[in-house]
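Undergrad: Handing over start.txt, compact mmCIF, C-alpha atoms.
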```txt
# COMPACT_ATOMS: atom_id res chain seq x y z
CA MET A 1 65.09 49.03 174.41
CA SER A 2 66.98 50.55 171.50
CA ALA A 3 67.86 53.61 173.59
CA ARG A 4 69.36 51.40 176.28
CA ARG A 5 71.43 49.52 173.70
CA GLY A 6 72.61 52.87 172.38
CA TRP A 7 73.94 53.95 175.78
CA VAL A 8 75.63 50.59 176.33
CA ASP A 9 77.36 50.98 172.98
CA VAL A 10 78.42 54.51 173.92
CA LEU A 11 79.97 53.30 177.18
CA LYS A 12 81.86 50.54 175.37
CA ALA A 13 83.06 52.95 172.69
CA GLU A 14 84.37 55.43 175.30
CA ALA A 15 86.14 52.80 177.41
CA PRO A 16 89.57 53.87 176.01
CA LEU A 17 89.10 57.25 177.71
CA SER A 18 89.83 55.66 181.10
CA ILE A 19 93.13 54.26 179.78
CA VAL A 20 94.13 57.58 178.25
CA LEU A 21 93.27 59.56 181.40
CA ALA A 22 94.95 57.06 183.73
CA THR A 23 98.17 57.18 181.72
CA ALA A 24 98.08 60.98 181.63
CA VAL A 25 97.59 61.14 185.41
CA LEU A 26 100.48 58.73 186.03
CA PHE A 27 102.90 60.80 184.02
CA TRP A 28 101.48 64.11 185.25
CA PHE A 29 102.35 63.16 188.86
CA ASP A 30 105.68 61.60 187.80
CA VAL A 31 104.64 58.16 189.09
CA ALA A 32 106.26 56.60 186.03
CA ASP A 33 109.16 59.07 185.92
CA TRP A 34 111.72 56.51 187.03
CA PHE A 35 110.72 54.30 184.12
CA ALA A 36 110.83 57.13 181.56
CA ASP A 37 114.23 58.30 182.79
CA SER A 38 115.81 54.87 182.62
CA THR A 39 118.84 54.68 180.34
CA ALA A 40 118.28 50.98 179.63
CA LEU A 41 117.23 50.42 176.03
CA ALA A 42 114.54 47.84 176.91
CA ALA A 43 112.85 50.06 179.51
CA THR A 44 113.05 53.14 177.30
CA THR A 45 111.60 51.24 174.37
CA VAL A 46 108.70 49.92 176.45
CA VAL A 47 107.75 53.33 177.80
CA ALA A 48 108.06 54.90 174.33
CA ALA A 49 105.82 52.18 172.86
CA TRP A 50 103.32 52.57 175.71
CA LEU A 51 103.06 56.32 175.25
CA PHE A 52 102.96 55.99 171.47
CA LEU A 53 100.07 53.51 171.67
CA VAL A 54 98.06 55.58 174.18
CA ILE A 55 98.51 58.77 172.14
CA LEU A 56 97.43 56.84 169.04
CA ILE A 57 94.28 55.65 170.85
CA ALA A 58 93.53 59.21 171.93
CA THR A 59 94.12 60.53 168.41
CA PHE A 60 91.81 57.95 166.83
CA SER A 61 89.15 58.83 169.41
CA VAL A 62 89.48 62.55 168.70
CA VAL A 63 89.06 61.90 164.98
CA ARG A 64 86.13 59.53 165.66
CA HIS A 65 84.18 62.28 167.42
CA ALA A 66 85.29 64.85 164.86
CA ASP A 67 84.03 62.51 162.13
CA VAL A 68 80.57 62.40 163.72
CA LEU A 69 80.49 66.19 163.85
CA ALA A 70 81.76 66.26 160.26
CA GLU A 71 78.89 64.08 159.04
CA ARG A 72 76.33 66.21 160.86
CA LEU A 73 77.74 69.48 159.54
CA GLY A 74 78.28 68.26 155.97
CA GLU A 75 80.95 69.37 153.51
CA PRO A 76 83.10 71.40 153.63
CA LEU A 77 82.56 72.33 157.30
CA GLY A 78 82.66 68.69 158.35
CA THR A 79 86.09 68.03 156.89
CA LEU A 80 87.31 71.33 158.33
CA VAL A 81 86.37 70.16 161.84
CA LEU A 82 88.30 66.92 161.26
CA THR A 83 91.32 68.74 159.84
CA LEU A 84 91.49 71.35 162.60
CA SER A 85 91.18 68.65 165.27
CA VAL A 86 94.16 66.81 163.82
CA ILE A 87 96.24 69.96 163.33
CA THR A 88 95.56 70.90 166.96
CA ILE A 89 97.10 67.60 168.02
CA GLU A 90 100.07 68.23 165.73
CA VAL A 91 100.72 71.72 167.07
CA LEU A 92 100.38 70.51 170.67
CA MET A 93 102.74 67.58 170.14
CA VAL A 94 105.42 69.52 168.27
CA SER A 95 105.23 72.36 170.78
CA ALA A 96 105.44 70.00 173.76
CA VAL A 97 108.42 68.12 172.31
CA MET A 98 110.17 71.41 171.48
CA LEU A 99 109.71 72.70 175.03
CA THR A 100 110.54 69.52 176.96
CA GLY A 101 112.77 67.33 174.80
CA VAL A 102 116.46 67.47 174.06
CA GLU A 103 117.47 70.63 172.18
CA ASN A 104 116.54 69.86 168.57
CA PRO A 105 116.18 72.91 166.30
CA ASP A 106 115.29 70.67 163.35
CA LEU A 107 112.32 68.91 164.99
CA ALA A 108 109.58 71.19 163.65
CA ARG A 109 111.08 71.19 160.16
CA ASP A 110 111.46 67.41 160.14
CA THR A 111 107.88 66.94 161.32
CA MET A 112 106.40 69.33 158.76
CA TYR A 113 108.49 67.84 155.96
CA SER A 114 107.39 64.34 156.97
CA VAL A 115 103.74 65.42 157.13
CA VAL A 116 103.87 66.95 153.65
CA MET A 117 105.63 63.92 152.13
CA ILE A 118 103.37 61.40 153.89
CA VAL A 119 100.21 63.29 152.91
CA LEU A 120 101.01 64.33 149.33
CA ASN A 121 102.71 61.06 148.40
CA GLY A 122 101.76 58.27 150.81
CA LEU A 123 98.18 59.23 151.66
CA VAL A 124 97.24 60.70 148.28
CA GLY A 125 98.99 57.87 146.42
CA LEU A 126 97.29 55.11 148.42
CA SER A 127 93.88 56.79 148.10
CA LEU A 128 94.21 57.27 144.34
CA LEU A 129 95.56 53.76 143.76
CA CYS A 130 92.97 51.94 145.88
CA GLY A 131 90.13 54.12 144.63
CA GLY A 132 91.25 53.66 141.03
CA LEU A 133 91.53 49.88 141.37
CA ARG A 134 87.95 49.70 142.67
CA HIS A 135 86.27 52.44 140.62
CA ARG A 136 88.65 52.93 137.63
CA GLU A 137 88.21 56.73 137.45
CA GLN A 138 87.02 59.04 140.22
CA GLU A 139 85.90 62.66 140.08
CA TYR A 140 86.52 65.58 142.39
CA ASN A 141 85.94 69.34 142.24
CA LEU A 142 88.92 70.79 140.37
CA GLN A 143 88.43 74.29 141.78
CA GLY A 144 88.68 73.02 145.33
CA ALA A 145 91.88 71.06 144.69
CA ASN A 146 93.41 74.09 142.98
CA ALA A 147 92.50 76.24 145.98
CA PHE A 148 94.32 73.84 148.30
CA LEU A 149 97.42 73.75 146.07
CA ALA A 150 97.39 77.54 145.68
CA LEU A 151 97.96 77.67 149.45
CA ILE A 152 100.23 74.62 149.85
CA VAL A 153 102.79 75.33 147.13
CA PRO A 154 103.89 78.90 148.01
CA LEU A 155 103.80 78.41 151.80
CA THR A 156 105.78 75.16 151.52
CA VAL A 157 108.49 76.83 149.44
CA LEU A 158 108.60 79.88 151.73
CA SER A 159 108.77 77.72 154.87
CA LEU A 160 110.92 74.71 153.99
CA ILE A 161 113.04 75.67 150.97
CA LEU A 162 113.72 79.42 150.96
CA PRO A 163 115.35 79.50 154.46
CA THR A 164 118.21 77.38 153.08
CA TYR A 165 119.14 80.15 150.65
CA THR A 166 118.70 83.28 152.80
CA ARG A 167 121.93 85.12 153.68
CA THR A 168 120.78 87.26 156.62
CA THR A 169 121.48 84.50 159.16
CA PRO A 170 123.85 81.51 159.06
CA GLY A 171 122.38 78.09 158.34
CA PRO A 172 118.84 77.18 157.29
CA THR A 173 117.25 79.81 159.54
CA LEU A 174 115.45 83.13 159.18
CA SER A 175 116.06 86.52 160.75
CA GLY A 176 113.54 87.95 163.21
CA VAL A 177 111.95 90.17 160.57
CA GLN A 178 111.70 87.26 158.13
CA GLU A 179 110.12 85.05 160.81
CA PHE A 180 107.50 87.68 161.60
CA PHE A 181 106.74 88.02 157.89
CA LEU A 182 106.40 84.25 157.46
CA MET A 183 104.11 83.96 160.48
CA ALA A 184 101.89 86.80 159.26
CA ALA A 185 101.84 85.47 155.69
CA SER A 186 100.98 81.91 156.82
CA VAL A 187 98.19 82.93 159.18
CA GLY A 188 96.86 85.55 156.79
CA LEU A 189 96.73 83.26 153.75
CA TYR A 190 95.21 80.43 155.77
CA GLY A 191 92.56 82.84 157.06
CA VAL A 192 91.72 83.89 153.49
CA PHE A 193 91.56 80.22 152.52
CA LEU A 194 89.13 79.45 155.36
CA ALA A 195 86.90 82.30 154.21
CA VAL A 196 86.92 80.88 150.69
CA GLU A 197 86.27 77.34 151.93
CA THR A 198 83.47 78.10 154.39
CA VAL A 199 81.79 81.29 153.11
CA ARG A 200 82.50 82.67 149.67
CA HIS A 201 83.09 79.53 147.58
CA ARG A 202 81.85 76.54 149.56
CA GLN A 203 80.76 74.90 146.31
CA TYR A 204 84.42 74.42 145.37
CA PHE A 205 84.77 71.81 148.10
CA THR A 206 81.64 69.76 147.51
CA ALA A 207 81.38 66.73 145.26
CA THR A 208 80.20 67.16 141.69
CA THR A 209 78.91 63.58 141.72
CA HIS A 210 77.77 61.31 144.52
CA GLY A 211 79.46 58.04 145.37
CA THR A 212 78.70 55.28 147.80
CA ALA A 213 77.49 56.63 151.12
CA LEU A 214 79.88 56.21 154.01
CA PRO A 215 78.56 54.57 157.17
CA GLU A 216 76.67 57.01 159.37
CA HIS A 217 78.33 56.93 162.78
CA HIS A 218 75.60 58.86 164.51
CA GLU A 219 72.55 56.77 163.57
CA GLU A 220 70.53 56.10 166.75
CA ASP A 221 73.27 57.93 168.65
CA PRO A 222 72.00 59.19 172.03
CA LEU A 223 74.85 61.71 172.24
CA SER A 224 74.27 65.27 171.11
CA SER A 225 76.76 67.28 169.07
CA ALA A 226 77.72 69.13 172.26
CA ALA A 227 78.49 65.82 173.98
CA HIS A 228 80.67 64.70 171.08
CA SER A 229 82.49 68.05 171.26
CA ALA A 230 83.08 67.61 174.99
CA LEU A 231 84.42 64.07 174.51
CA LEU A 232 86.66 65.32 171.69
CA VAL A 233 88.21 67.81 174.13
CA ALA A 234 88.43 65.14 176.85
CA TYR A 235 90.57 62.96 174.58
CA LEU A 236 92.56 65.93 173.27
CA LEU A 237 93.75 67.39 176.59
CA PRO A 238 95.67 64.28 177.78
CA VAL A 239 97.61 64.37 174.51
CA VAL A 240 99.28 67.55 175.78
CA VAL A 241 100.59 65.77 178.90
CA LEU A 242 101.62 62.62 177.07
CA SER A 243 103.34 64.58 174.28
CA GLU A 244 105.65 66.17 176.85
CA GLN A 245 106.60 62.73 178.16
CA ILE A 246 107.18 60.93 174.86
CA ALA A 247 109.95 63.27 173.67
CA VAL A 248 112.77 61.90 175.84
CA PRO A 249 112.17 58.14 175.33
CA LEU A 250 111.74 58.57 171.57
CA GLU A 251 115.00 60.48 171.28
CA ARG A 252 116.85 57.96 173.47
CA VAL A 253 115.60 55.01 171.44
CA ALA A 254 116.70 56.76 168.22
CA ILE A 255 120.17 57.33 169.70
CA HIS A 256 120.44 53.72 170.95
CA VAL A 257 119.58 52.16 167.57
CA GLY A 258 121.58 54.69 165.55
CA ALA A 259 118.51 55.97 163.69
CA PRO A 260 118.55 59.27 161.76
CA ASP A 261 118.11 62.41 163.84
CA ALA A 262 114.85 63.17 161.99
CA LEU A 263 113.22 59.90 163.15
CA THR A 264 111.37 61.65 165.99
CA GLY A 265 109.77 64.05 163.53
CA MET A 266 108.75 61.19 161.24
CA LEU A 267 107.20 59.20 164.11
CA VAL A 268 105.26 62.25 165.29
CA ALA A 269 103.99 62.76 161.72
CA PHE A 270 102.88 59.12 161.39
CA LEU A 271 101.21 59.26 164.79
CA ILE A 272 99.25 62.38 163.87
CA LEU A 273 98.24 61.27 160.38
CA ALA A 274 97.25 57.65 161.05
CA PRO A 275 93.53 58.26 161.78
CA GLU A 276 93.18 60.97 159.12
CA GLY A 277 94.79 58.66 156.59
CA LEU A 278 92.26 55.98 157.42
CA ALA A 279 89.41 58.47 156.89
CA ALA A 280 90.76 59.49 153.46
CA LEU A 281 91.26 55.87 152.39
CA ARG A 282 87.73 54.92 153.45
CA ALA A 283 86.36 57.83 151.46
CA ALA A 284 88.32 56.87 148.34
CA LEU A 285 87.16 53.24 148.53
CA ALA A 286 83.55 54.47 148.87
CA ASN A 287 84.00 56.57 145.71
CA GLN A 288 83.90 59.77 147.77
CA MET A 289 87.04 61.24 146.20
CA GLN A 290 86.05 64.80 147.04
CA ARG A 291 86.11 63.99 150.76
CA ALA A 292 89.44 62.16 150.34
CA VAL A 293 90.89 65.23 148.60
CA ASN A 294 89.50 67.58 151.27
CA VAL A 295 90.97 65.47 154.08
CA SER A 296 94.41 64.87 152.55
CA LEU A 297 95.11 68.26 150.96
CA GLY A 298 93.43 70.01 153.90
CA SER A 299 95.86 68.29 156.26
CA ALA A 300 98.89 69.48 154.26
CA ALA A 301 97.49 73.01 154.00
CA SER A 302 96.77 73.31 157.72
CA THR A 303 100.20 71.88 158.63
CA ILE A 304 102.03 74.56 156.67
CA GLY A 305 99.54 77.33 157.43
CA LEU A 306 99.30 76.82 161.20
CA THR A 307 102.23 74.72 162.44
CA VAL A 308 104.89 77.02 160.96
CA PRO A 309 103.69 80.18 162.76
CA ALA A 310 103.14 78.20 165.96
CA VAL A 311 106.69 76.82 166.15
CA LEU A 312 108.22 80.14 165.11
CA ALA A 313 106.26 81.90 167.85
CA ILE A 314 107.49 79.33 170.39
CA GLY A 315 111.05 79.81 169.18
CA LEU A 316 110.81 83.60 169.57
CA TRP A 317 109.15 83.28 172.98
CA THR A 318 111.65 80.79 174.40
CA GLY A 319 114.73 81.98 172.52
CA LYS A 320 115.21 78.54 170.98
CA LYS A 321 116.66 78.25 167.51
CA VAL A 322 114.27 76.92 164.85
CA SER A 323 115.77 75.57 161.63
CA LEU A 324 113.38 75.44 158.68
CA GLY A 325 115.40 75.01 155.48
CA LEU A 326 115.81 71.51 154.04
CA ASP A 327 118.98 69.96 152.66
CA GLY A 328 119.57 69.65 148.93
CA ASP A 329 118.19 66.13 148.38
CA GLU A 330 115.15 66.81 150.56
CA SER A 331 114.47 70.10 148.75
CA ALA A 332 114.65 68.36 145.37
CA LEU A 333 112.27 65.61 146.45
CA LEU A 334 109.86 68.14 147.95
CA MET A 335 109.86 70.28 144.78
CA LEU A 336 109.24 67.15 142.69
CA THR A 337 106.33 66.24 144.99
CA LEU A 338 104.76 69.69 144.60
CA LEU A 339 105.18 69.56 140.80
CA VAL A 340 103.62 66.09 140.54
CA SER A 341 100.77 67.15 142.86
CA VAL A 342 99.95 70.10 140.59
CA ILE A 343 99.90 67.74 137.58
CA THR A 344 97.81 65.13 139.40
CA PHE A 345 95.12 67.59 140.46
CA SER A 346 94.77 69.36 137.12
CA SER A 347 91.98 67.44 135.37
CA GLY A 348 89.22 66.74 137.90
CA ARG A 349 89.61 62.97 137.47
CA THR A 350 91.99 60.42 138.99
CA ASN A 351 93.30 56.98 138.02
CA VAL A 352 95.69 54.28 139.24
CA LEU A 353 98.72 55.68 137.37
CA GLN A 354 98.63 58.88 139.40
CA GLY A 355 98.40 56.88 142.61
CA ALA A 356 101.34 54.68 141.59
CA VAL A 357 103.52 57.73 140.81
CA HIS A 358 102.84 59.28 144.22
CA LEU A 359 103.57 56.00 146.01
CA VAL A 360 106.91 55.72 144.19
CA LEU A 361 107.79 59.20 145.43
CA PHE A 362 106.77 58.14 148.95
CA LEU A 363 109.05 55.09 148.74
CA ALA A 364 111.85 57.35 147.50
CA TYR A 365 111.29 59.53 150.56
CA LEU A 366 111.66 56.50 152.84
CA VAL A 367 114.74 55.17 151.03
CA PHE A 368 116.59 58.50 151.16
CA PHE A 369 115.48 59.02 154.76
CA PHE A 370 117.03 55.79 156.08
CA ASP A 371 119.91 55.49 153.59
```
Could you render the structure as structure tokens?
TA:
Amino acid sequence: MSARRGWVDVLKAEAPLSIVLATAVLFWFDVADWFADSTALAATTVVAAWLFLVILIATFSVVRHADVLAERLGEPLGTLVLTLSVITIEVLMVSAVMLTGVENPDLARDTMYSVVMIVLNGLVGLSLLCGGLRHREQEYNLQGANAFLALIVPLTVLSLILPTYTRTTPGPTLSGVQEFFLMAASVGLYGVFLAVETVRHRQYFTATTHGTALPEHHEEDPLSSAAHSALLVAYLLPVVVLSEQIAVPLERVAIHVGAPDALTGMLVAFLILAPEGLAALRAALANQMQRAVNVSLGSAASTIGLTVPAVLAIGLWTGKKVSLGLDGDESALLMLTLLVSVITFSSGRTNVLQGAVHLVLFLAYLVFFFD
């Protein structure tokens, strides 16, 4: 009887897959193309909202299955599965929008900048504040946090700040040689980091103390790990199709309402990070700060380590210009964020003050973005 209830629950839980696949098929065969190409603001807004919602459902479902695999594998491999699943969605979305949307050389930069600011300020700040309000002080493995920051800080500066000051090419861009170096450095350093995280120093990324156990998603679950992996891919593949379609309506809505040019990048970042942010917040509230740190800092590290070489490779392959360097105010806010992050993760313990500081920086990011 319990097995039958388990399969009924599985079928109910996977019901969104039919919506995701049906939407992907409609847009794949251009059935809804007339609607997406409409210049009317109302129609464009509806189709953008529809695609945004369906992609969000697919993203949450991908992370749900990745979370089950994460719990079965344990730390740090579990969080790595979750992080790589999310970064795959990010790379697919940014790549699809770059290849199919209106020419926008700043899209990748805007998305990566938004991801870093949302993660290091919004996500980290909310996790530290909520966790501190419930548990006063929380502990994490200092060596693991330092390993994340050792990767995040130099690659962020090399990718988003240094291109503004190079003189080989005009504007915030890099020469071909510099792009090849940045791609090799990003992939190489991220590969070394993965070896440290999964083989040589796994203990750096495990909790020194144990908090409240998170709910076990796979209790009495009739699905095997292979089945969860297959469903993860089944939700992930339609995101590729839908990402190609969402570029045009998002850009048209931004133009209609007079929003900043970087709004598309910000919306893509929020769409990608929503489920991962929920996972980090749940962990912080359950006094599992180590998992919250692994999820949040791991997301920032993978964004810089993998998205940068991916978009540069696409730019070289297609001949499209890719701008990476930030403007002066954005560079200053990013440098301040990196400095505060180093200070925050320097003691092995967190409190509400640190969370409040990061949230203020996140609000500053929003204010300067829209004004």
Undergrad: With distances taken over only C-alpha atoms, which of A:Gly176, A:Pro309, A:Gly315, A:Pro16 is nearest to A:Tyr235?
TA: A:Pro16
Undergrad: How many Å separate atom CA of A:Gly265 from atom CA of A:Val91?
TA: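 Computed distance, atom CA of A:Gly265 to atom CA of A:Val91, equals 12.4 Å.
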Undergrad: Need the shell around A:Phe205: protein/DNA/RNA residues with any atom at most 10 Å away, counting all atoms listed in the file. Skip same-chain ones fewer than 4 positions apart. Format as an MDAnalysis selection string?
TA: chainID A and resid 75:77 79 140:145 147:148 196:198 201 290:291 293:294
Undergrad: Compile the contact shell of stretch 125-127 of chain A as number ranges by chain: residues with an atom at most 12 Å away, counting all atoms listed in the file, same-chain residues fewer than 6 positions apart removed.
TA: A: 117-119, 133-135, 138, 276-293, 295-297, 337, 340-341, 344, 350-363
Undergrad: For A:Leu326, please output as a list in words all residues within 10 Å (counting only C-alpha atoms; exclusion window: fewer than 3 positions along the same chain).
TA: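 After dropping sequence-adjacent residues, the list is Asp106, Arg109, Asp110, Tyr113, Ser159, Leu160, Ile161, Leu162, Pro163, Thr164, Tyr165, Pro172, Ser323, Asp329, Glu330, Ser331, Ala332 and Leu334 of chain A.
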Undergrad: Given all atoms listed in the file as the basis, pick out the residue of A:Leu26, A:Ala300, A:Leu316, A:Leu80 nearest to A:Ala195.
TA: A:Leu80
Undergrad: Enter the distance from atom CA of A:Leu123 to atom CA of A:Ile246, in Å, rounded to one decimal.
TA: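 Interatomic distance here is 24.9 Å.
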Undergrad: I'd like the contact shell of A:Thr111 - 10 Å cut-off, only C-alpha atoms, skipping same-chain residues fewer than 6 positions apart - returned as a ChimeraX atom specification.
TA: /A:90,94,117,262-270,303,307
Undergrad: Have a look at A:Val308, A:Ile152, A:Leu339, A:Val124 and name the one nearest to A:Leu107; count all atoms listed in the file.
TA: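 With all atoms listed in the file as the atom set, the closest residue is A:Val308.
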Undergrad: Quick one: pull the distance between atom CA of A:Val322 and atom CA of A:Phe369, Å, one decimal.
TA: 20.6 Å
Undergrad: Between A:Ala58, A:Leu120, A:Met183, A:Leu189, which one has atoms that come closest to A:Ile89, using all atoms listed in the file?
TA: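 Using all atoms listed in the file, A:Ile89 sits closest to A:Ala58.
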Undergrad: Give the padded box for stretch 199-208 of chain A as JSON: axis-aligned, covering all atoms listed in the file, 5 Å on each side, centre and edge lengths in Å to one decimal.
TA:
```
{"center_x": 82.5, "center_y": 74.7, "center_z": 147.4, "size_x": 14.6, "size_y": 25.9, "size_z": 21.4}
```
Undergrad: For a quick check of understanding, using only C-alpha atoms, which of A:Ala108, A:Ala24, A:Val10, A:Ala48 has the smallest distance to A:Val311?
TA: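 Nearest candidate to A:Val311 out of A:Ala108, A:Ala24, A:Val10, A:Ala48: A:Ala108.
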Undergrad: Compute the distance from (90.3, 65.1, 170.4) to each atom, counting all atoms listed in the file, keep the residues with any atom at most 7 Å away, and return them as a VMD selection string; use the coordinates of the file.
TA: chain A and resid 58 to 59 61 to 63 85 232 to 236
Undergrad: Given the choices A:Ala227, A:Ala22, A:Met112, A:Leu306, which gets closest to A:Tyr190 if the distance is worked out from all atoms listed in the file?
TA: A:Leu306
Undergrad: Can you sort out stretch 347-368 of chain A so it carries N, CA and C atoms, written as a PDB file, in the frame of the given file?
TA:
```pdb
ATOM      1  N   SER A 347      92.986  67.870 136.355  1.00  0.00           N
ATOM      2  CA  SER A 347      91.980  67.440 135.370  1.00  0.00           C
ATOM      3  C   SER A 347      90.599  67.207 135.967  1.00  0.00           C
ATOM      4  N   GLY A 348      90.501  67.048 137.285  1.00  0.00           N
ATOM      5  CA  GLY A 348      89.220  66.740 137.900  1.00  0.00           C
ATOM      6  C   GLY A 348      88.893  65.258 137.938  1.00  0.00           C
ATOM      7  N   ARG A 349      89.812  64.414 137.443  1.00  0.00           N
ATOM      8  CA  ARG A 349      89.610  62.970 137.470  1.00  0.00           C
ATOM      9  C   ARG A 349      90.912  62.292 137.868  1.00  0.00           C
ATOM     10  N   THR A 350      90.809  61.141 138.524  1.00  0.00           N
ATOM     11  CA  THR A 350      91.990  60.420 138.990  1.00  0.00           C
ATOM     12  C   THR A 350      91.987  59.001 138.450  1.00  0.00           C
ATOM     13  N   ASN A 351      93.175  58.380 138.441  1.00  0.00           N
ATOM     14  CA  ASN A 351      93.300  56.980 138.020  1.00  0.00           C
ATOM     15  C   ASN A 351      94.470  56.333 138.750  1.00  0.00           C
ATOM     16  N   VAL A 352      94.676  55.043 138.489  1.00  0.00           N
ATOM     17  CA  VAL A 352      95.690  54.280 139.240  1.00  0.00           C
ATOM     18  C   VAL A 352      97.107  54.745 138.934  1.00  0.00           C
ATOM     19  N   LEU A 353      97.368  55.234 137.709  1.00  0.00           N
ATOM     20  CA  LEU A 353      98.720  55.680 137.370  1.00  0.00           C
ATOM     21  C   LEU A 353      99.169  56.812 138.280  1.00  0.00           C
ATOM     22  N   GLN A 354      98.280  57.770 138.518  1.00  0.00           N
ATOM     23  CA  GLN A 354      98.630  58.880 139.400  1.00  0.00           C
ATOM     24  C   GLN A 354      98.947  58.395 140.804  1.00  0.00           C
ATOM     25  N   GLY A 355      98.140  57.442 141.290  1.00  0.00           N
ATOM     26  CA  GLY A 355      98.400  56.880 142.610  1.00  0.00           C
ATOM     27  C   GLY A 355      99.736  56.166 142.673  1.00  0.00           C
ATOM     28  N   ALA A 356     100.072  55.411 141.625  1.00  0.00           N
ATOM     29  CA  ALA A 356     101.340  54.680 141.590  1.00  0.00           C
ATOM     30  C   ALA A 356     102.528  55.642 141.595  1.00  0.00           C
ATOM     31  N   VAL A 357     102.426  56.742 140.859  1.00  0.00           N
ATOM     32  CA  VAL A 357     103.520  57.730 140.810  1.00  0.00           C
ATOM     33  C   VAL A 357     103.751  58.319 142.202  1.00  0.00           C
ATOM     34  N   HIS A 358     102.694  58.700 142.886  1.00  0.00           N
ATOM     35  CA  HIS A 358     102.840  59.280 144.220  1.00  0.00           C
ATOM     36  C   HIS A 358     103.413  58.268 145.211  1.00  0.00           C
ATOM     37  N   LEU A 359     103.024  57.010 145.100  1.00  0.00           N
ATOM     38  CA  LEU A 359     103.570  56.000 146.010  1.00  0.00           C
ATOM     39  C   LEU A 359     105.052  55.753 145.746  1.00  0.00           C
ATOM     40  N   VAL A 360     105.490  55.838 144.489  1.00  0.00           N
ATOM     41  CA  VAL A 360     106.910  55.720 144.190  1.00  0.00           C
ATOM     42  C   VAL A 360     107.693  56.861 144.834  1.00  0.00           C
ATOM     43  N   LEU A 361     107.141  58.066 144.770  1.00  0.00           N
ATOM     44  CA  LEU A 361     107.790  59.200 145.430  1.00  0.00           C
ATOM     45  C   LEU A 361     107.825  59.007 146.946  1.00  0.00           C
ATOM     46  N   PHE A 362     106.783  58.400 147.505  1.00  0.00           N
ATOM     47  CA  PHE A 362     106.770  58.140 148.950  1.00  0.00           C
ATOM     48  C   PHE A 362     107.844  57.112 149.315  1.00  0.00           C
ATOM     49  N   LEU A 363     107.991  56.079 148.496  1.00  0.00           N
ATOM     50  CA  LEU A 363     109.050  55.090 148.740  1.00  0.00           C
ATOM     51  C   LEU A 363     110.427  55.723 148.600  1.00  0.00           C
ATOM     52  N   ALA A 364     110.581  56.643 147.636  1.00  0.00           N
ATOM     53  CA  ALA A 364     111.850  57.350 147.500  1.00  0.00           C
ATOM     54  C   ALA A 364     112.156  58.168 148.754  1.00  0.00           C
ATOM     55  N   TYR A 365     111.125  58.788 149.310  1.00  0.00           N
ATOM     56  CA  TYR A 365     111.290  59.530 150.560  1.00  0.00           C
ATOM     57  C   TYR A 365     111.792  58.625 151.677  1.00  0.00           C
ATOM     58  N   LEU A 366     111.225  57.431 151.799  1.00  0.00           N
ATOM     59  CA  LEU A 366     111.660  56.500 152.840  1.00  0.00           C
ATOM     60  C   LEU A 366     113.083  56.008 152.605  1.00  0.00           C
ATOM     61  N   VAL A 367     113.408  55.684 151.345  1.00  0.00           N
ATOM     62  CA  VAL A 367     114.740  55.170 151.030  1.00  0.00           C
ATOM     63  C   VAL A 367     115.813  56.215 151.357  1.00  0.00           C
ATOM     64  N   PHE A 368     115.603  57.454 150.908  1.00  0.00           N
ATOM     65  CA  PHE A 368     116.590  58.500 151.160  1.00  0.00           C
ATOM     66  C   PHE A 368     116.609  58.930 152.623  1.00  0.00           C
TER      67      PHE A 368
END
```
